[in-house]
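Asker: Next comes the structure file start-v4.pdb, holding PDB, C-alpha atoms.
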ATOM      1  CA  MET A 741     -86.153  60.840-100.293
ATOM      2  CA  TRP A 742     -86.717  63.046-103.348
ATOM      3  CA  GLY A 743     -83.010  63.844-103.489
ATOM      4  CA  GLU A 744     -82.182  60.133-103.549
ATOM      5  CA  TRP A 745     -84.650  59.519-106.374
ATOM      6  CA  VAL A 746     -83.208  62.405-108.361
ATOM      7  CA  GLU A 747     -79.668  61.062-107.955
ATOM      8  CA  GLU A 748     -80.816  57.548-108.837
ATOM      9  CA  TYR A 749     -82.413  58.839-112.047
ATOM     10  CA  PHE A 750     -79.390  60.934-113.025
ATOM     11  CA  ASN A 751     -77.056  58.016-112.314
ATOM     12  CA  GLY A 752     -79.155  55.789-114.569
ATOM     13  CA  ILE A 753     -78.840  58.287-117.417
ATOM     14  CA  HIS A 754     -75.087  58.519-116.845
ATOM     15  CA  ARG A 755     -74.642  54.728-116.925
ATOM     16  CA  ALA A 756     -76.695  54.367-120.093
ATOM     17  CA  LEU A 757     -74.843  57.220-121.790
ATOM     18  CA  GLU A 758     -71.467  55.725-120.933
ATOM     19  CA  ALA A 759     -72.533  52.341-122.316
ATOM     20  CA  LEU A 760     -73.933  53.642-125.624
ATOM     21  CA  PRO A 761     -72.319  51.853-128.600
ATOM     22  CA  ARG A 762     -70.275  54.669-130.174
ATOM     23  CA  GLU A 763     -69.452  52.695-133.305
ATOM     24  CA  VAL A 764     -73.131  52.244-134.153
ATOM     25  CA  LEU A 765     -73.721  55.958-133.569
ATOM     26  CA  LEU A 766     -70.910  56.849-135.978
ATOM     27  CA  GLN A 767     -72.385  54.528-138.601
ATOM     28  CA  ILE A 768     -75.771  56.235-138.192
ATOM     29  CA  ILE A 769     -74.202  59.666-138.619
ATOM     30  CA  ALA A 770     -72.414  58.485-141.756
ATOM     31  CA  GLN A 771     -75.614  57.064-143.243
ATOM     32  CA  ILE A 772     -77.621  60.235-142.561
ATOM     33  CA  GLU A 773     -74.820  62.401-143.972
ATOM     34  CA  ALA A 774     -74.593  60.304-147.136
ATOM     35  CA  THR A 775     -78.366  60.328-147.647
ATOM     36  CA  ALA A 776     -78.510  64.109-147.262
ATOM     37  CA  ARG A 777     -75.502  64.673-149.520
ATOM     38  CA  ASP A 778     -77.015  62.464-152.240
ATOM     39  CA  GLY A 779     -80.366  64.264-152.083
ATOM     40  CA  GLY A 780     -82.333  61.409-150.541
ATOM     41  CA  MET A 781     -85.373  61.927-148.342
ATOM     42  CA  ILE A 782     -85.216  61.213-144.615
ATOM     43  CA  PHE A 783     -88.410  60.107-142.867
ATOM     44  CA  LEU A 784     -88.981  59.720-139.125
ATOM     45  CA  CYS A 785     -91.708  58.123-137.024
ATOM     46  CA  GLY A 786     -92.515  57.233-133.417
ATOM     47  CA  ASN A 787     -95.306  57.211-130.815
ATOM     48  CA  GLY A 788     -95.833  59.282-127.680
ATOM     49  CA  GLY A 789     -92.532  60.709-126.474
ATOM     50  CA  SER A 790     -90.879  59.123-129.508
ATOM     51  CA  ALA A 791     -93.301  61.039-131.756
ATOM     52  CA  ALA A 792     -92.093  64.253-130.147
ATOM     53  CA  THR A 793     -88.495  63.164-130.682
ATOM     54  CA  ALA A 794     -89.214  62.366-134.342
ATOM     55  CA  SER A 795     -90.655  65.854-134.895
ATOM     56  CA  HIS A 796     -87.809  67.492-132.961
ATOM     57  CA  PHE A 797     -85.227  65.491-134.928
ATOM     58  CA  ALA A 798     -86.806  66.537-138.246
ATOM     59  CA  CYS A 799     -86.806  70.183-137.165
ATOM     60  CA  ASP A 800     -83.131  70.106-136.188
ATOM     61  CA  LEU A 801     -82.078  68.260-139.348
ATOM     62  CA  ALA A 802     -83.978  70.693-141.574
ATOM     63  CA  LYS A 803     -82.947  73.940-139.886
ATOM     64  CA  GLY A 804     -80.200  73.247-137.370
ATOM     65  CA  THR A 805     -77.805  71.875-140.005
ATOM     66  CA  ARG A 806     -78.516  74.580-142.630
ATOM     67  CA  ARG A 807     -75.346  76.378-143.659
ATOM     68  CA  PRO A 808     -74.377  78.171-146.903
ATOM     69  CA  GLY A 809     -72.942  75.634-149.323
ATOM     70  CA  ALA A 810     -73.903  72.636-147.175
ATOM     71  CA  PRO A 811     -76.474  70.002-148.231
ATOM     72  CA  MET A 812     -80.053  70.977-147.436
ATOM     73  CA  VAL A 813     -81.577  68.039-145.590
ATOM     74  CA  ARG A 814     -84.853  66.849-147.134
ATOM     75  CA  VAL A 815     -86.724  65.502-144.118
ATOM     76  CA  ILE A 816     -90.306  64.688-143.098
ATOM     77  CA  ALA A 817     -91.604  63.567-139.705
ATOM     78  CA  LEU A 818     -94.564  61.266-140.311
ATOM     79  CA  THR A 819     -95.864  62.375-136.908
ATOM     80  CA  ASP A 820     -96.577  65.946-138.012
ATOM     81  CA  ASN A 821     -99.557  65.726-140.403
ATOM     82  CA  VAL A 822    -102.289  65.232-137.795
ATOM     83  CA  PRO A 823    -105.264  65.280-140.219
ATOM     84  CA  LEU A 824    -103.671  62.600-142.417
ATOM     85  CA  LEU A 825    -102.525  60.553-139.436
ATOM     86  CA  THR A 826    -105.995  60.544-137.869
ATOM     87  CA  ALA A 827    -107.651  59.815-141.216
ATOM     88  CA  TRP A 828    -105.625  56.646-141.663
ATOM     89  CA  ALA A 829    -106.209  55.677-138.018
ATOM     90  CA  ASN A 830    -109.969  56.236-138.294
ATOM     91  CA  ASP A 831    -110.530  54.686-141.723
ATOM     92  CA  THR A 832    -108.170  51.710-141.427
ATOM     93  CA  GLU A 833    -106.262  50.923-138.218
ATOM     94  CA  TYR A 834    -103.698  52.680-136.077
ATOM     95  CA  ARG A 835    -100.911  50.307-137.024
ATOM     96  CA  ARG A 836    -101.028  51.685-140.589
ATOM     97  CA  VAL A 837    -100.798  55.426-139.808
ATOM     98  CA  PHE A 838     -97.114  55.725-140.758
ATOM     99  CA  ALA A 839     -96.915  52.994-143.374
ATOM    100  CA  GLU A 840     -99.666  54.468-145.537
ATOM    101  CA  GLN A 841     -98.159  57.956-145.380
ATOM    102  CA  LEU A 842     -94.806  56.514-146.332
ATOM    103  CA  ARG A 843     -95.878  54.189-149.137
ATOM    104  CA  PRO A 844     -96.267  56.790-151.954
ATOM    105  CA  LEU A 845     -93.248  58.847-150.890
ATOM    106  CA  ILE A 846     -90.293  56.617-150.075
ATOM    107  CA  ARG A 847     -87.854  55.509-152.776
ATOM    108  CA  PRO A 848     -84.517  53.679-153.057
ATOM    109  CA  GLY A 849     -81.785  55.919-151.662
ATOM    110  CA  ASP A 850     -84.107  57.317-148.998
ATOM    111  CA  LEU A 851     -83.834  56.694-145.259
ATOM    112  CA  LEU A 852     -86.336  55.888-142.513
ATOM    113  CA  ILE A 853     -85.436  56.533-138.873
ATOM    114  CA  ALA A 854     -87.832  54.517-136.704
ATOM    115  CA  ILE A 855     -87.966  55.466-133.017
ATOM    116  CA  SER A 856     -89.522  53.114-130.470
ATOM    117  CA  GLY A 857     -88.486  52.789-126.838
ATOM    118  CA  SER A 858     -89.737  49.206-126.655
ATOM    119  CA  GLY A 859     -88.890  48.304-130.231
ATOM    120  CA  ASN A 860     -92.316  46.718-130.570
ATOM    121  CA  SER A 861     -94.662  49.520-131.681
ATOM    122  CA  PRO A 862     -96.798  47.934-134.446
ATOM    123  CA  ASN A 863     -97.165  51.121-136.502
ATOM    124  CA  VAL A 864     -93.411  51.757-136.415
ATOM    125  CA  LEU A 865     -92.701  48.178-137.486
ATOM    126  CA  GLU A 866     -95.201  48.495-140.348
ATOM    127  CA  ALA A 867     -93.412  51.621-141.574
ATOM    128  CA  VAL A 868     -90.087  49.790-141.536
ATOM    129  CA  LEU A 869     -91.566  47.001-143.670
ATOM    130  CA  VAL A 870     -92.780  49.537-146.242
ATOM    131  CA  ALA A 871     -89.353  51.204-146.302
ATOM    132  CA  ARG A 872     -87.609  47.879-146.807
ATOM    133  CA  GLU A 873     -89.957  46.925-149.641
ATOM    134  CA  ALA A 874     -89.132  50.241-151.328
ATOM    135  CA  GLY A 875     -85.391  49.598-151.115
ATOM    136  CA  ALA A 876     -84.722  52.374-148.599
ATOM    137  CA  PHE A 877     -82.222  52.189-145.739
ATOM    138  CA  THR A 878     -83.683  51.765-142.245
ATOM    139  CA  ILE A 879     -82.346  52.895-138.865
ATOM    140  CA  GLY A 880     -83.856  52.039-135.483
ATOM    141  CA  LEU A 881     -83.507  53.888-132.175
ATOM    142  CA  THR A 882     -84.790  51.767-129.325
ATOM    143  CA  GLY A 883     -84.069  50.502-125.798
ATOM    144  CA  PHE A 884     -84.522  47.487-123.512
ATOM    145  CA  GLU A 885     -83.418  44.487-125.646
ATOM    146  CA  GLY A 886     -84.310  46.143-128.946
ATOM    147  CA  GLY A 887     -87.647  44.383-129.450
ATOM    148  CA  ARG A 888     -88.653  43.296-132.946
ATOM    149  CA  LEU A 889     -87.222  46.499-134.388
ATOM    150  CA  ARG A 890     -83.673  45.356-133.665
ATOM    151  CA  ASP A 891     -83.687  42.613-136.314
ATOM    152  CA  LEU A 892     -85.950  44.421-138.776
ATOM    153  CA  VAL A 893     -83.778  47.473-139.536
ATOM    154  CA  ASP A 894     -80.433  47.755-141.310
ATOM    155  CA  LEU A 895     -78.835  49.575-138.386
ATOM    156  CA  CYS A 896     -80.100  49.702-134.799
ATOM    157  CA  LEU A 897     -78.901  51.672-131.803
ATOM    158  CA  ILE A 898     -80.226  50.188-128.564
ATOM    159  CA  VAL A 899     -80.049  52.419-125.496
ATOM    160  CA  PRO A 900     -78.807  50.087-122.728
ATOM    161  CA  SER A 901     -81.576  50.810-120.227
ATOM    162  CA  ALA A 902     -84.813  49.266-118.993
ATOM    163  CA  CYS A 903     -86.286  52.649-117.982
ATOM    164  CA  MET A 904     -88.534  54.113-120.704
ATOM    165  CA  GLU A 905     -88.037  57.691-119.520
ATOM    166  CA  GLN A 906     -84.260  57.365-119.628
ATOM    167  CA  ILE A 907     -84.408  55.676-123.041
ATOM    168  CA  GLU A 908     -86.395  58.644-124.371
ATOM    169  CA  ASP A 909     -83.944  61.056-122.722
ATOM    170  CA  LEU A 910     -81.030  59.409-124.497
ATOM    171  CA  HIS A 911     -82.842  59.350-127.839
ATOM    172  CA  LEU A 912     -83.083  63.131-127.581
ATOM    173  CA  ILE A 913     -79.394  63.367-126.653
ATOM    174  CA  LEU A 914     -78.590  61.174-129.651
ATOM    175  CA  GLN A 915     -80.529  63.323-132.089
ATOM    176  CA  HIS A 916     -78.856  66.474-130.777
ATOM    177  CA  THR A 917     -75.464  64.780-131.055
ATOM    178  CA  ILE A 918     -76.152  63.697-134.635
ATOM    179  CA  THR A 919     -77.342  67.102-135.813
ATOM    180  CA  THR A 920     -74.433  68.861-134.072
ATOM    181  CA  VAL A 921     -71.877  66.549-135.701
ATOM    182  CA  LEU A 922     -73.493  67.021-139.130
ATOM    183  CA  ARG A 923     -73.501  70.794-138.754
ATOM    184  CA  ARG A 924     -69.842  70.865-137.735
ATOM    185  CA  THR A 925     -68.933  68.452-140.540
ATOM    186  CA  TRP A 926     -70.533  70.640-143.182
ATOM    187  CA  GLU A 927     -69.180  73.852-141.666
ATOM    188  CA  SER A 928     -65.666  72.379-141.903
ATOM    189  CA  ALA A 929     -66.207  71.220-145.482
ATOM    190  CA  VAL A 930     -67.514  74.621-146.589
ATOM    191  CA  ALA A 931     -64.592  76.399-144.905
ATOM    192  CA  VAL A 932     -62.057  74.209-146.715
ATOM    193  CA  MET A 933     -63.620  74.491-150.186
ATOM    194  CA  PRO A 934     -62.273  78.003-151.051
ATOM    195  CA  ILE A 935     -58.765  76.961-149.979
ATOM    196  CA  LEU A 936     -58.846  73.876-152.184
ATOM    197  CA  ASP A 937     -60.157  75.932-155.098
ATOM    198  CA  GLN A 938     -57.244  78.370-154.831
ATOM    199  CA  GLU A 939     -54.458  76.025-153.745
ATOM    200  CA  PRO A 940     -54.502  72.541-155.291
ATOM    201  CA  LEU A 941     -53.161  69.769-153.079
ATOM    202  CA  PRO A 942     -49.443  69.122-153.696
ATOM    203  CA  ASP A 943     -48.302  66.042-155.564
ATOM    204  CA  ALA A 944     -47.528  63.451-152.888
ATOM    205  CA  ARG A 945     -44.440  62.321-154.869
ATOM    206  CA  HIS A 946     -42.790  65.675-154.162
ATOM    207  CA  LEU A 947     -43.382  65.647-150.411
ATOM    208  CA  SER A 948     -40.434  64.931-148.177
ATOM    209  CA  GLY A 949     -40.165  61.284-147.197
ATOM    210  CA  SER A 950     -42.225  60.053-150.151
TER     211      SER A 950
END
Give the structure from this file in structure tokens form.

Answerer:
Amino acid sequence: MWGEWVEEYFNGIHRALEALPREVLLQIIAQIEATARDGGMIFLCGNGGSAATASHFACDLAKGTRRPGAPMVRVIALTDNVPLLTAWANDTEYRRVFAEQLRPLIRPGDLLIAISGSGNSPNVLEAVLVAREAGAFTIGLTGFEGGRLRDLVDLCLIVPSACMEQIEDLHLILQHTITTVLRRTWESAVAVMPILDQEPLPDARHLSGS
């Protein structure tokens, strides 16, 4: 019985992973890379397991992509300042815990990554509204049918699953994929820079066949 349940769970993850929209993922990577390269701030938020993913994502963006000569990612997880989070929850309401942290910090050119398995977490949605008002770009990671988050953000990746645990699993896979691709992108760029400095690209008019 347990073996069957294990296989059923693993098969669900496999199906969802195979069905992930790759084109949306590539757009998300491009947006994060551009924001980091231009010196913009990246903010993340989420609840429960998604809060852990937000903190993990921020950690990997800040440290896991660090390479000599590569952009240093300026990133904050709004889940990490527990005293401030609980102060806003206690003195106002829980739905404002991310929005009020974000309000004085976010600017045009910045990026908010909002993580919600259901797509309907009120405090995540409130943060997205603040980011939009500030002129920042917004990305959603969600599941099921996308919830309200799907139509509120500029770019949304919906994990094709109705199992919250598997949605959260894939969000973690996605963040590891994104940070790995960014690291490899910047490693490649740094490796090429000395070559370009020493050997200018040839004039295309002098290449054979041109």

Asker: Pick out the closest residue to Glu905 in chain A from this set: A:Ala802, A:Ala854, A:Ala756, A:Ala874. Count only C-alpha atoms.

Answerer: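 Of all the options, A:Ala756 lies closest to Glu905 in chain A.
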
Asker: Using the chain letters and residue numbers of this document, give as a ChimeraX atom specification the residues selected by the PyMOL selection byres ((chain A and resi 925) around 12).

Answerer: /A:769-770,773-774,777,805-807,810-811,918-924,926-932

Asker: Apply the PyMOL selection byres ((chain A and resi 820) around 12) to the structure shown and report the selected residues as a PyMOL selection string.

Answerer: chain A and resi 783-787+791-799+815-819+821-826+837-838+841

Asker: Go ahead and write the residues just picked, C-alpha atoms, as a PDB file, in the coordinates of the input.

Answerer:
ATOM      1  CA  PHE A 783     -88.410  60.107-142.867  1.00  0.00           C
ATOM      2  CA  LEU A 784     -88.981  59.720-139.125  1.00  0.00           C
ATOM      3  CA  CYS A 785     -91.708  58.123-137.024  1.00  0.00           C
ATOM      4  CA  GLY A 786     -92.515  57.233-133.417  1.00  0.00           C
ATOM      5  CA  ASN A 787     -95.306  57.211-130.815  1.00  0.00           C
ATOM      6  CA  ALA A 791     -93.301  61.039-131.756  1.00  0.00           C
ATOM      7  CA  ALA A 792     -92.093  64.253-130.147  1.00  0.00           C
ATOM      8  CA  THR A 793     -88.495  63.164-130.682  1.00  0.00           C
ATOM      9  CA  ALA A 794     -89.214  62.366-134.342  1.00  0.00           C
ATOM     10  CA  SER A 795     -90.655  65.854-134.895  1.00  0.00           C
ATOM     11  CA  HIS A 796     -87.809  67.492-132.961  1.00  0.00           C
ATOM     12  CA  PHE A 797     -85.227  65.491-134.928  1.00  0.00           C
ATOM     13  CA  ALA A 798     -86.806  66.537-138.246  1.00  0.00           C
ATOM     14  CA  CYS A 799     -86.806  70.183-137.165  1.00  0.00           C
ATOM     15  CA  VAL A 815     -86.724  65.502-144.118  1.00  0.00           C
ATOM     16  CA  ILE A 816     -90.306  64.688-143.098  1.00  0.00           C
ATOM     17  CA  ALA A 817     -91.604  63.567-139.705  1.00  0.00           C
ATOM     18  CA  LEU A 818     -94.564  61.266-140.311  1.00  0.00           C
ATOM     19  CA  THR A 819     -95.864  62.375-136.908  1.00  0.00           C
ATOM     20  CA  ASN A 821     -99.557  65.726-140.403  1.00  0.00           C
ATOM     21  CA  VAL A 822    -102.289  65.232-137.795  1.00  0.00           C
ATOM     22  CA  PRO A 823    -105.264  65.280-140.219  1.00  0.00           C
ATOM     23  CA  LEU A 824    -103.671  62.600-142.417  1.00  0.00           C
ATOM     24  CA  LEU A 825    -102.525  60.553-139.436  1.00  0.00           C
ATOM     25  CA  THR A 826    -105.995  60.544-137.869  1.00  0.00           C
ATOM     26  CA  VAL A 837    -100.798  55.426-139.808  1.00  0.00           C
ATOM     27  CA  PHE A 838     -97.114  55.725-140.758  1.00  0.00           C
ATOM     28  CA  GLN A 841     -98.159  57.956-145.380  1.00  0.00           C
TER      29      GLN A 841
END

Asker: State, in Å with one decimal place, the distance from CA of Glu873 in chain A to CA of Leu914 in chain A.

Answerer: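 Interatomic distance here is 27.1 Å.
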
Asker: Restricting the calculation to all atoms listed in the file, which member of A:Ile855, A:Ile898, A:Met781, A:Ala839 is positioned closest to Ala876 in chain A?

Answerer: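 Closest to Ala876 in chain A of all the choices is A:Met781.
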
Asker: Which one is closest to Gly857 in chain A: A:Ile907, A:Ile772, A:Leu842, A:Val870? Count only C-alpha atoms.

Answerer: A:Ile907

Asker: The PyMOL selection byres ((chain A and resi 860) around 12) - which residues does that actually catch in the file I just gave you? List them as a count of residues only.

Answerer: 29

Asker: For Pro848 in chain A, work out the shell of residues within 9 Å, counting all atoms listed in the file and skipping chain neighbours fewer than 3 positions away, then give it as a PyMOL selection string.

Answerer: chain A and resi 780+851+871+874-877

Asker: Just to confirm, what's the straight-line distance from CA of Arg814 in chain A to CA of Ile782 in chain A in Å (one decimal)?

Answerer: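 About the pair CA of Arg814 in chain A and CA of Ile782 in chain A: they are 6.2 Å apart.
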
Asker: Can you tell me how far CA of Asn830 in chain A sits from CA of Ile846 in chain A, in Å to one decimal?

Answerer: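 Interatomic distance here is 22.9 Å.
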
Asker: Which of these, A:Val813, A:Leu852, A:Leu845, A:Ile913, has the shortest distance to Arg872 in chain A once you count all atoms listed in the file?

Answerer: A:Leu852

Asker: If I wrap all listed atoms of range 801-817 of chain A in a box with edges along x, y and z and add 4 Å on each side, what are its centre and edge lengths in Å to one decimal, as JSON?

Answerer:
{"center_x": -82.3, "center_y": 70.9, "center_z": -143.3, "size_x": 26.7, "size_y": 22.6, "size_z": 20.0}

Asker: Check the smallest atom-to-atom distance from each of A:Tyr834, A:Phe750, A:Trp745, A:Trp828 to Asp909 in chain A using only C-alpha atoms, then report the winner.

Answerer: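 Checking each of A:Tyr834, A:Phe750, A:Trp745, A:Trp828 against Asp909 in chain A, counting only C-alpha atoms, the winner is A:Phe750.
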